[in-house]
Every structure is written in structure tokens, then in C-alpha cells.
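So this block is query02.txt, compact mmCIF, C-alpha atoms and all ligand atoms:
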# COMPACT_ATOMS: atom_id res chain seq x y z
CA MET C 14 143.76 60.30 96.55
CA ILE C 15 140.28 58.79 96.84
CA ASN C 16 139.19 56.21 94.25
CA ILE C 17 135.53 55.18 94.20
CA LEU C 18 134.10 52.36 92.08
CA ALA C 19 130.39 52.87 91.41
CA ILE C 20 127.78 50.45 90.10
CA GLU C 21 124.37 51.34 88.67
CA SER C 22 121.74 48.70 87.82
CA SER C 23 118.36 50.24 88.69
CA CYS C 24 116.67 49.77 85.32
CA ASP C 25 117.93 48.59 81.94
CA GLU C 26 121.51 49.94 81.90
CA THR C 27 124.32 48.02 83.56
CA ALA C 28 126.90 50.67 84.34
CA ALA C 29 130.17 51.11 86.24
CA SER C 30 132.43 54.10 86.78
CA VAL C 31 135.58 55.02 88.66
CA CYS C 32 136.09 58.49 90.04
CA ARG C 33 139.29 59.84 91.60
CA ASP C 34 138.93 62.85 93.90
CA GLY C 35 135.68 63.75 92.19
CA ASN C 36 137.03 63.40 88.63
CA ILE C 37 135.45 60.74 86.44
CA LEU C 38 138.11 58.37 85.08
CA SER C 39 135.75 55.91 83.39
CA ASN C 40 132.07 55.65 82.57
CA ILE C 41 131.02 52.31 81.05
CA ILE C 42 127.44 51.45 80.09
CA ALA C 43 125.97 48.26 78.66
CA THR C 44 122.54 49.12 77.27
CA GLN C 45 120.12 46.22 77.17
CA LYS C 46 118.71 46.03 73.65
CA ILE C 47 116.47 43.06 74.44
CA HIS C 48 113.60 45.29 75.69
CA GLU C 49 113.07 47.10 72.36
CA GLN C 50 110.97 44.29 70.90
CA TYR C 51 108.59 44.47 73.89
CA GLY C 52 108.01 48.24 73.75
CA GLY C 53 109.21 48.74 77.33
CA VAL C 54 111.54 47.33 79.99
CA VAL C 55 110.73 43.72 81.04
CA PRO C 56 111.95 43.47 84.68
CA GLU C 57 112.89 39.78 84.64
CA LEU C 58 114.89 40.16 81.43
CA ALA C 59 116.61 43.24 82.87
CA SER C 60 117.80 41.28 85.94
CA ARG C 61 119.17 38.48 83.77
CA ALA C 62 120.98 40.89 81.47
CA HIS C 63 122.51 42.66 84.51
CA MET C 64 123.85 39.28 85.68
CA GLN C 65 125.54 38.77 82.32
CA ASN C 66 126.86 42.31 82.01
CA ILE C 67 128.05 43.22 85.46
CA VAL C 68 131.46 41.52 85.55
CA PRO C 69 132.60 42.72 82.09
CA VAL C 70 131.26 46.23 82.75
CA VAL C 71 133.08 46.58 86.10
CA ASP C 72 136.22 45.11 84.54
CA ALA C 73 136.09 47.64 81.69
CA ALA C 74 135.53 50.55 84.11
CA LEU C 75 138.58 49.56 86.18
CA LYS C 76 140.73 49.06 83.06
CA GLN C 77 139.72 52.37 81.49
CA ALA C 78 140.55 54.12 84.77
CA GLY C 79 143.91 52.33 84.97
CA CYS C 80 142.94 50.93 88.38
CA THR C 81 142.89 47.59 90.10
CA ILE C 82 140.55 46.57 92.90
CA ASP C 83 143.42 47.18 95.35
CA ASP C 84 143.49 50.88 94.40
CA LEU C 85 139.87 51.42 95.44
CA ASP C 86 138.91 53.26 98.63
CA ALA C 87 135.20 52.43 98.54
CA ILE C 88 132.47 50.75 96.50
CA ALA C 89 129.29 52.68 95.78
CA PHE C 90 126.08 51.25 94.36
CA THR C 91 122.51 52.29 93.57
CA GLN C 92 120.35 51.18 96.49
CA ALA C 93 117.01 52.68 95.30
CA PRO C 94 114.67 53.43 93.62
CA GLY C 95 114.32 51.06 90.67
CA LEU C 96 113.29 47.57 89.58
CA ILE C 97 113.95 45.37 92.58
CA GLY C 98 115.45 42.43 90.66
CA ALA C 99 117.71 44.78 88.74
CA LEU C 100 118.83 46.63 91.89
CA LEU C 101 119.58 43.32 93.64
CA VAL C 102 122.20 42.38 91.05
CA GLY C 103 124.23 45.59 91.53
CA ALA C 104 123.72 45.63 95.30
CA GLU C 105 124.79 42.04 95.86
CA PHE C 106 127.79 42.46 93.56
CA ALA C 107 128.89 45.61 95.44
CA LYS C 108 128.34 43.99 98.84
CA SER C 109 130.29 40.88 97.88
CA LEU C 110 133.18 42.99 96.63
CA ALA C 111 133.15 45.08 99.80
CA MET C 112 133.05 41.96 101.95
CA ALA C 113 135.86 40.23 100.04
CA THR C 114 138.14 43.28 100.07
CA GLY C 115 137.17 44.81 103.42
CA LYS C 116 136.59 48.17 101.69
CA PRO C 117 133.75 50.46 102.76
CA LEU C 118 130.39 50.30 101.03
CA ILE C 119 128.38 53.39 100.03
CA SER C 120 124.68 53.23 99.26
CA VAL C 121 123.38 55.81 96.77
CA HIS C 122 119.89 57.12 96.03
CA HIS C 123 119.49 57.10 92.24
CA MET C 124 117.45 60.32 92.09
CA GLN C 125 119.91 62.22 94.30
CA ALA C 126 122.66 61.01 91.98
CA HIS C 127 120.81 62.44 88.93
CA VAL C 128 120.85 65.82 90.71
CA LEU C 129 124.54 65.61 91.67
CA ALA C 130 125.49 64.79 88.05
CA ASN C 131 125.57 68.59 87.84
CA LEU C 132 128.70 68.52 90.04
CA ILE C 133 130.74 66.33 87.67
CA ASP C 134 132.07 68.96 85.24
CA GLU C 135 132.77 72.68 85.36
CA PRO C 136 131.00 75.08 85.50
CA GLN C 137 129.13 73.90 88.58
CA PRO C 138 126.11 75.41 90.33
CA GLU C 139 126.53 76.94 93.74
CA PHE C 140 124.45 75.70 96.67
CA PRO C 141 121.55 76.15 97.09
CA PHE C 142 120.36 75.24 93.61
CA LEU C 143 117.18 73.89 92.04
CA CYS C 144 117.22 70.84 89.80
CA LEU C 145 114.48 69.76 87.41
CA THR C 146 114.97 65.99 87.13
CA VAL C 147 113.06 64.58 84.18
CA SER C 148 113.35 60.94 83.19
CA GLY C 149 111.25 57.98 82.05
CA GLY C 150 110.27 57.22 85.63
CA HIS C 151 110.45 60.55 87.47
CA THR C 152 109.65 64.24 87.20
CA GLN C 153 110.81 66.24 90.19
CA ILE C 154 111.93 69.67 91.27
CA VAL C 155 114.62 69.23 93.90
CA LEU C 156 115.91 71.93 96.24
CA CYS C 157 119.55 71.04 96.81
CA LYS C 158 121.09 72.91 99.76
CA ALA C 159 124.20 70.70 100.01
CA SER C 160 125.38 67.38 98.57
CA ASN C 161 123.75 65.68 101.57
CA ASP C 162 120.77 67.99 102.01
CA MET C 163 118.12 67.71 99.30
CA GLN C 164 114.37 68.02 99.30
CA VAL C 165 111.77 67.25 96.64
CA ILE C 166 109.57 70.36 96.41
CA GLY C 167 107.51 69.29 93.38
CA GLN C 168 106.80 66.05 91.57
CA THR C 169 104.43 64.37 89.18
CA ILE C 170 101.18 63.04 90.54
CA ASP C 171 100.82 60.54 87.67
CA ASP C 172 103.04 59.99 84.59
CA ALA C 173 106.65 61.16 84.30
CA ALA C 174 107.65 63.60 81.53
CA GLY C 175 109.59 60.84 79.73
CA GLU C 176 106.51 58.64 79.86
CA ALA C 177 104.47 61.45 78.30
CA PHE C 178 106.98 61.54 75.42
CA ASP C 179 107.14 57.74 75.11
CA LYS C 180 103.36 57.24 75.26
CA THR C 181 102.85 59.97 72.65
CA ALA C 182 105.37 58.20 70.43
CA LYS C 183 103.52 54.91 70.91
CA LEU C 184 100.20 56.53 69.91
CA LEU C 185 101.96 57.84 66.81
CA GLY C 186 103.27 54.37 65.95
CA LEU C 187 106.92 55.22 66.72
CA PRO C 188 109.24 52.63 68.34
CA TYR C 189 110.21 52.58 72.05
CA PRO C 190 111.68 54.67 73.64
CA GLY C 191 110.06 57.29 71.44
CA GLY C 192 111.11 60.48 73.28
CA PRO C 193 114.16 61.15 71.09
CA LEU C 194 112.06 60.56 67.92
CA VAL C 195 109.33 62.98 69.02
CA ASP C 196 112.14 65.50 69.58
CA LYS C 197 113.58 64.81 66.11
CA TYR C 198 110.23 65.27 64.29
CA ALA C 199 109.34 68.28 66.45
CA ARG C 200 112.36 70.11 65.06
CA GLU C 201 110.87 69.78 61.56
CA GLY C 202 107.37 70.97 62.54
CA LYS C 203 105.39 73.86 64.00
CA PRO C 204 103.31 73.74 67.21
CA ILE C 205 100.02 74.49 65.46
CA TYR C 206 97.80 72.19 67.57
CA LYS C 207 96.85 73.41 71.02
CA PHE C 208 96.73 71.00 73.95
CA SER C 209 95.59 72.48 77.24
CA GLU C 210 97.87 72.89 80.24
CA PRO C 211 96.68 71.05 83.38
CA GLN C 212 95.84 73.23 86.38
CA ILE C 213 97.67 71.43 89.20
CA PRO C 214 98.19 73.34 92.45
CA GLY C 215 101.64 74.13 93.82
CA LEU C 216 104.79 72.77 92.23
CA ASN C 217 103.41 69.35 91.27
CA PHE C 218 103.04 68.10 87.69
CA SER C 219 100.48 65.99 85.84
CA PHE C 220 100.80 64.46 82.38
CA SER C 221 98.01 61.88 82.20
CA GLY C 222 95.38 64.39 80.98
CA LEU C 223 97.68 65.42 78.13
CA LYS C 224 98.04 61.77 77.11
CA THR C 225 94.24 61.42 76.94
CA SER C 226 93.87 64.64 74.92
CA ILE C 227 96.44 63.38 72.42
CA LEU C 228 94.59 60.06 72.10
CA TYR C 229 91.27 61.83 71.46
CA PHE C 230 92.91 64.31 69.13
CA LEU C 231 94.30 61.45 67.02
CA ASN C 232 91.02 59.53 67.16
CA ASN C 233 89.38 62.68 65.77
CA ALA C 234 92.17 62.93 63.20
CA GLY C 235 92.51 66.57 64.21
CA THR C 236 89.07 67.39 62.76
CA SER C 237 87.67 69.01 65.88
CA ASN C 238 88.97 71.63 68.24
CA VAL C 239 87.16 70.07 71.17
CA TYR C 240 88.60 66.64 71.92
CA LYS C 241 86.29 65.56 74.66
CA GLU C 242 85.23 62.20 73.32
CA ALA C 243 86.86 59.45 71.34
CA LEU C 244 84.92 60.03 68.08
CA THR C 245 86.79 57.26 66.35
CA VAL C 246 87.39 58.05 62.71
CA ASP C 247 88.24 55.37 60.22
CA ALA C 248 91.59 53.74 61.10
CA ASP C 249 92.99 54.67 57.66
CA VAL C 250 91.98 58.31 58.11
CA ARG C 251 93.71 58.39 61.51
CA LYS C 252 96.85 56.78 60.05
CA LYS C 253 96.93 59.18 57.08
CA PHE C 254 96.45 62.17 59.39
CA ILE C 255 99.45 61.08 61.49
CA GLU C 256 101.61 60.39 58.42
CA GLU C 257 100.87 63.77 56.88
CA ASN C 258 101.20 65.82 60.06
CA LEU C 259 103.78 63.99 62.18
CA PRO C 260 106.23 66.92 62.59
CA ASP C 261 103.48 69.39 63.58
CA ILE C 262 101.87 66.93 66.00
CA CYS C 263 105.26 66.24 67.64
CA ALA C 264 106.11 69.96 67.81
CA SER C 265 102.73 70.69 69.44
CA VAL C 266 103.01 67.93 72.05
CA GLN C 267 106.62 68.80 72.81
CA GLN C 268 105.80 72.46 73.24
CA ARG C 269 103.10 71.61 75.78
CA ILE C 270 105.28 69.18 77.78
CA VAL C 271 108.09 71.74 77.87
CA SER C 272 105.76 74.56 78.94
CA ILE C 273 104.32 72.40 81.77
CA LEU C 274 107.88 71.72 83.00
CA LEU C 275 109.18 75.26 82.66
CA ASN C 276 106.15 76.98 84.21
CA LYS C 277 106.56 74.92 87.39
CA LEU C 278 110.30 75.50 87.40
CA LYS C 279 109.72 79.26 87.12
CA ALA C 280 107.24 79.05 90.01
CA ALA C 281 109.79 77.14 92.10
CA ALA C 282 112.50 79.70 91.36
CA LYS C 283 110.16 82.53 92.32
CA GLN C 284 109.02 80.80 95.49
CA THR C 285 112.56 80.01 96.71
CA GLY C 286 114.33 83.07 95.28
CA ILE C 287 116.99 80.70 93.84
CA LYS C 288 118.59 81.56 90.51
CA GLU C 289 121.01 78.61 90.19
CA ILE C 290 118.96 76.25 88.00
CA CYS C 291 119.96 72.75 86.83
CA ILE C 292 118.38 70.00 84.79
CA ALA C 293 119.02 66.26 84.91
CA GLY C 294 117.61 62.96 83.62
CA GLY C 295 117.14 61.55 80.12
CA VAL C 296 114.47 64.07 79.04
CA SER C 297 116.91 66.92 79.67
CA ALA C 298 118.40 65.92 76.29
CA ASN C 299 115.24 67.30 74.66
CA SER C 300 116.06 70.17 72.33
CA GLY C 301 112.82 72.04 73.08
CA LEU C 302 113.46 71.85 76.82
CA ARG C 303 117.08 73.02 76.44
CA GLU C 304 116.04 75.96 74.25
CA GLY C 305 113.15 76.84 76.56
CA LEU C 306 115.42 76.67 79.60
CA ALA C 307 118.05 78.89 77.99
CA GLN C 308 115.34 81.41 77.12
CA ALA C 309 113.83 81.31 80.62
CA GLY C 310 117.35 81.72 82.02
CA LYS C 311 117.85 84.95 80.04
CA GLU C 312 114.44 86.31 80.98
CA ASN C 313 114.80 85.55 84.69
CA ASP C 314 118.50 86.16 85.14
CA TRP C 315 119.21 82.51 86.06
CA ASN C 316 122.51 80.68 85.91
CA VAL C 317 121.55 77.56 83.97
CA PHE C 318 123.45 74.25 84.17
CA SER C 319 122.99 70.94 82.38
CA PRO C 320 125.22 67.87 82.63
CA LYS C 321 126.77 66.35 79.50
CA PHE C 322 124.25 64.06 77.82
CA GLU C 323 126.08 60.88 78.92
CA TYR C 324 125.62 62.02 82.54
CA CYS C 325 121.91 62.83 82.02
CA THR C 326 120.64 59.38 81.08
CA ASP C 327 121.20 56.54 83.56
CA ASN C 328 124.92 56.12 84.19
CA ALA C 329 127.35 55.16 86.97
CA ALA C 330 129.41 58.38 86.88
CA MET C 331 126.60 60.12 88.76
CA ILE C 332 126.65 57.28 91.33
CA ALA C 333 130.43 57.71 91.61
CA ILE C 334 130.29 61.47 92.22
CA THR C 335 127.55 60.99 94.83
CA GLY C 336 129.62 58.20 96.39
CA TYR C 337 132.59 60.56 96.52
CA TYR C 338 130.66 63.21 98.47
CA LYS C 339 129.26 60.53 100.80
CA PHE C 340 132.83 59.27 101.33
CA LEU C 341 133.90 62.78 102.36
CA HIS C 342 131.04 62.77 104.90
CA LYS C 343 132.03 59.23 106.04
CA ASP C 344 128.49 58.18 105.17
CA PHE C 345 129.00 54.43 104.76
CA ALA C 346 126.50 51.56 104.60
CA GLY C 347 126.62 48.27 106.53
CA LEU C 348 126.83 44.95 104.71
CA ASP C 349 123.24 44.32 105.78
CA VAL C 350 121.94 47.11 103.52
CA ILE C 351 119.24 45.95 101.08
CA PRO C 352 117.97 47.58 97.91
CA THR C 353 114.39 48.88 97.80
CA ALA C 354 112.20 49.57 94.78
CA ARG C 355 110.88 52.80 96.29
CA ALA C 356 112.82 55.23 98.40
CA GLU C 357 111.71 58.12 100.53
CA TRP C 358 113.97 61.16 100.84
O1 LIG A 1 117.00 59.05 82.67
P1 LIG A 1 116.67 58.05 81.62
O2 LIG A 1 117.75 57.62 80.68
O3 LIG A 1 116.13 56.73 82.24
C1 LIG A 1 115.23 56.70 83.28
O4 LIG A 1 114.01 56.74 82.97
O5 LIG A 1 115.68 56.64 84.46
O6 LIG A 1 115.44 58.65 80.79
C2 LIG A 1 114.86 57.97 79.72
C3 LIG A 1 113.71 58.82 79.19
C4 LIG A 1 112.86 58.06 78.17
O7 LIG A 1 111.50 58.29 78.49
C5 LIG A 1 113.23 58.74 76.85
O8 LIG A 1 112.22 58.71 75.89
C6 LIG A 1 113.51 60.15 77.32
O9 LIG A 1 114.21 59.99 78.53
N1 LIG A 1 114.32 60.92 76.36
C7 LIG A 1 113.84 61.99 75.67
C8 LIG A 1 114.90 62.44 74.85
N2 LIG A 1 115.99 61.64 75.08
C9 LIG A 1 115.62 60.72 76.01
N3 LIG A 1 112.64 62.57 75.70
C10 LIG A 1 112.47 63.63 74.88
N4 LIG A 1 113.43 64.13 74.06
C11 LIG A 1 114.64 63.57 74.01
N5 LIG A 1 115.59 64.07 73.20
ZN ZN A 2 117.42 57.53 86.13

Here is the file; what I need is its structure written in the form of C-alpha cells.
Amino acid sequence: MINILAIESSCDETAASVCRDGNILSNIIATQKIHEQYGGVVPELASRAHMQNIVPVVDAALKQAGCTIDDLDAIAFTQAPGLIGALLVGAEFAKSLAMATGKPLISVHHMQAHVLANLIDEPQPEFPFLCLTVSGGHTQIVLCKASNDMQVIGQTIDDAAGEAFDKTAKLLGLPYPGGPLVDKYAREGKPIYKFSEPQIPGLNFSFSGLKTSILYFLNNAGTSNVYKEALTVDADVRKKFIEENLPDICASVQQRIVSILLNKLKAAAKQTGIKEICIAGGVSANSGLREGLAQAGKENDWNVFSPKFEYCTDNAAMIAITGYYKFLHKDFAGLDVIPTARAEW
């Protein structure tokens, strides 16, 4: 029996999980509400909140799993990428625990863990599979040949898909993080406004042009079909236009973001000949993306997989499952390991 305790603290969720032989026994998350009032994550406040949360969160994860520290075989933690101050809290906690108990330490790459979240529950994809990882910080297509053999074959050259949703929401006056709200309004509207799809070579993505088109579109209050300049209409006219057309605007933006994502995913599937297709990351909760993926799956004869929502957003269960596979490969870290904000693959 192999019990792994995993700790995740890369951004604004303090999370801990215990997995036994690859089965998740607990998955505890303390979400930091303090950032809402600032419209985004404030790194310094995130680090402080992690300091407050980490002991109770680890305690709760052990209790829910019916484990004590003595029962653990290894301690896994998120080493990168993320906010450096936030990562330091989880890393130093994990290292101290490993040092005090003499148990092995496992360092986990957060983005690889998002991909391996697809291996938590049944049914599971077979290797090799492709994973579209879409979150607030990343947009990637990953070719996963084995749990320890992954390669990024496409990624965003500017904003992440989640950022595109959140920035749209901000322009529309919706609170942060606005992605889920854009999704909610989109379900009530029709995609009647056309935003152009960027022409980016290969499997890479770009979302910054879309953000600018949305800004100009709103500044024109939808009065023109050519949104090349910020022809600022009266602020009240802009506000009224948004109020009266919110569902259709959200449906139109969402449709474009989803089509950008799915067209690249289709290209990646064609290029690699792989039909095992997964999604991961917070944006994979989006209803338009899930519907579009199911549809593309039928049309292209794919086997489509998506983790449970609680394993899509940042969580420690995905760190635990990755830690479990690393344990099987005896891939341990030394106590001198340090977290890094960026991480190459
Ligand atoms: O993976 P995640 O929880 O955190 C990281 O960024 O690592 O992803 C959060 C992102 C945010 O941008 C949020 O707006 C977006 O996922 N998101 C959604 C939906 N649910 C979460 N975007 C669109 N539709 C949703 N239903
Ligand atoms: Zn993440």
C-alpha cells in the first residue's frame, strides 16, 4: 500500500490530498476569498493566506483519509510553475515534513499534474493521448506518451484562454473571476456577433487580438461591423448596449474562444494521428467547450475524457496522482530542491 500526501500552493488555492495506490482518499481546498476585492490574485496576500491555511488544510486531508503522518510513504508538492512566494510556502512545508519524518520528497510540475488529473477516475485515456490544458494562466496542447513522458506541442503566445474569459468579463463589468459568469450568460444568448479568428501558424494560440476586438466592439456599442478603431461612444450608450445585449455578447465571445481552442486541437489530433483526447484546467468547466468537444469527438471518432470539475481547477489530488506515478518510478527530489516561478518541460 502506497500513501502519498500532496500539497498544492502555486496560486490562490491552498490544497492537500492523500492518495492510496492511485485512489484519492481526500481532496481539501481552502480558496482565498481575499483577492476578489482586487479583481485578481495579489501575490503577497496569497503567500500570507497560504501560511495561515497550510496546517489546517493538511490536517483535514490526513483526517479525511483516515491517515496519520506515520502512514505516509512520501510527500509530494508543487515545485513549479506559479507565484514564487506562494510556491515557497508549500515547498518549505513539504521539505520540513520530509526532513522531520525521513520520508521521501517528490517534486511535481503543476502543468503535468493538470494533464494527469485525467488518470484519477475511470474511464481513463490510453497512452499516447493529447490533453488541452486551459486555465487562467496557461493554454497548452500536451502530447502525453507516458506519465513521465510529456511534451508541449502547442501553447499560447500571449494571453491564456481563462484570461480571455476573465478580461472579457471585466470589460463587461462582471466581477473576477468572470469566466463562469460569461459561461452562464452565454447559455441564455445567441452568438450573433462575429469576432475574427486569429491566424497563428502551427498549434499555437493567441487571444490578445480577440480582447482588443471586444474592447473596440464595446466602444462602438456594436454599431459598426468593422471594429478597427476605438470610436468611443457615450459611456451611457456603451453601458446600455452591454446591459441589453449581455447574453448575446457572451455567447459570441465564448463561441470564438471555443472555436480557437477546438480548431487547434483538431489540427493536433490530425498531425499526431491520436484519437484519445483529454481536457484539463479550470476553463474545461466551460459548457460551450464541453459541448464543442463532445461534438468534435463524434465527428472525428475521438475518445473524449474530462476530469471531474473538482480535479480540473487547481487542486492537490492531481499533485497526489502525479506523485504516485513518480513514486512508482522512484523519481524523488533532494531536500535542496527549490521552487521556481517558471518551469521548462
Ligand atoms: O485552473 P484554474 O482553476 O486556475 C489556474 O488558472 O491555474 O483556472 C481558473 C480559470 C479562470 O480564468 C476562470 O475564469 C476560468 O478558469 N473558468 C472558466 C469557467 N470556470 C472557470 N472559464 C470559462 N467558463 C467556465 N465555466
Ligand atoms: Zn492550474

Which residue out of C:Met331, C:Ile154, C:Leu185, C:Ile227 has the minimum interatomic distance to ligand ZN 2 (chain A) when all atoms listed in the file are used?
C:Met331

If the limit is 12 Å from any atom of ligand ZN 2 (chain A), counting only C-alpha atoms and all ligand atoms, which residues qualify? Return them as a PyMOL selection string.
chain C and resi 21-26+28+91+93-96+122-128+130+146-153+173+175+293-297+323-329+331-332

Could you name the residues that touch C:Ile47 at 9 Å or less, counting all atoms listed in the file, but leaving out those on the same chain fewer than 4 positions away, as a list in words?
Tyr51, Val54, Val55, Leu58, Ala59 and Ala62 of chain C

Between C:Phe106, C:Tyr206, C:Tyr189, C:Phe142, which has the minimum distance to C:Ala264 (counting all atoms listed in the file)?
C:Tyr206

Counting all atoms listed in the file, which residue out of C:Val266, C:Cys80, C:Val317, C:Ile17 sits closest to ligand LIG 1 (chain A)?
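Residue with the minimum atom-to-atom distance to ligand LIG 1 (chain A): C:Val266.
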
Which residues are close to C:Ser109, i.e. within 12 Å by only C-alpha atoms, leaving aside same-chain residues fewer than 2 positions away? Reply as a ChimeraX atom specification.
/C:88,90,101-107,111-118,347-350

One decimal, Å: what's the distance from atom CA of C:Ala354 over to atom CA of C:Ser219, could you say?
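If I compute the distance from atom CA of C:Ala354 to atom CA of C:Ser219, I get 22.1 Å.
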
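The gap separating atom CA of C:Pro141 from atom CA of C:Asp344 is 20.9 Å, in Å to one decimal.
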
One-decimal distance in Å that lies between atom CA of C:Gln137 and atom CA of C:Asp314
16.6 Å

Given the point (106.5, 70.7, 73.8) in the file's coordinates, find the residues that have an atom at most 10 Å from it, counting only C-alpha atoms, and give them as JSON, numbers by chain.
{"C": [178, 195, 196, 199, 204, 208, 262, 263, 264, 265, 266, 267, 268, 269, 270, 271, 272, 273, 274, 299, 300, 301, 302, 305]}

Ranking C:Asn316, C:Asn16, C:Ser226, C:Asn232 by minimum distance to C:Cys291 and counting all atoms listed in the file, which one comes first?
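Closest candidate: C:Asn316.
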
In the coordinate frame of the file, compute which residues have an atom within 12 Å of (137.2, 60.3, 90.0) when using all atoms listed in the file, and state them as a ChimeraX atom specification.
/C:14-19,30-40,74-75,77-80,85-87,132-134,329-338

Can you work out which one of C:Lys343, C:Lys46, C:Lys288, C:Lys76 has the shortest atom-to-atom distance to C:His63, counting only C-alpha atoms?
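Result for the nearest residue to C:His63: C:Lys46.
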
Taking all atoms of stretch 56-72 of chain C that the file lists, what box with edges along x, y and z, padded by 5 Å per side, do you get, with centre and edge lengths in Å to one decimal, as AutoDock Vina command-line options?
--center_x 124.1 --center_y 42.5 --center_z 83.8 --size_x 34.3 --size_y 18.1 --size_z 14.7

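Ranking C:Leu143, C:Leu184, C:Ile255, C:Met163 by their shortest atom-to-atom distance to C:Lys277, with only C-alpha atoms included, puts C:Leu143 first.
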
Got a sec: who's within 12 Å of C:Asp249, counting all atoms listed in the file, leaving out chain neighbours fewer than 5 positions off, as a list in words?
Leu231, Asn232, Asn233, Ala234, Phe254, Ile255 and Glu256 of chain C

Kindly export the residues of the current selection with C-alpha atoms, as a compact mmCIF listing (two decimals), keeping the file's coordinate frame.
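Listed below is the output, again.txt:
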# COMPACT_ATOMS: atom_id res chain seq x y z
CA LEU C 231 94.30 61.45 67.02
CA ASN C 232 91.02 59.53 67.16
CA ASN C 233 89.38 62.68 65.77
CA ALA C 234 92.17 62.93 63.20
CA PHE C 254 96.45 62.17 59.39
CA ILE C 255 99.45 61.08 61.49
CA GLU C 256 101.61 60.39 58.42

Would you list the contacts of C:Ala177 as a PyMOL selection string, taking every protein, DNA or RNA residue within 9 Å and counting all atoms listed in the file, but skipping same-chain residues closer than 5 positions in sequence?
chain C and resi 149+172+182+192+220-221+223-224+270

Output C-alpha atoms for every residue in the selection just made, as a tab-separated table (two decimals), in the frame of the given file.
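What follows is the written file result.tsv:
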chain	number	residue	atom	x	y	z
C	149	GLY	CA	111.25	57.98	82.05
C	172	ASP	CA	103.04	59.99	84.59
C	182	ALA	CA	105.37	58.20	70.43
C	192	GLY	CA	111.11	60.48	73.28
C	220	PHE	CA	100.80	64.46	82.38
C	221	SER	CA	98.01	61.88	82.20
C	223	LEU	CA	97.68	65.42	78.13
C	224	LYS	CA	98.04	61.77	77.11
C	270	ILE	CA	105.28	69.18	77.78
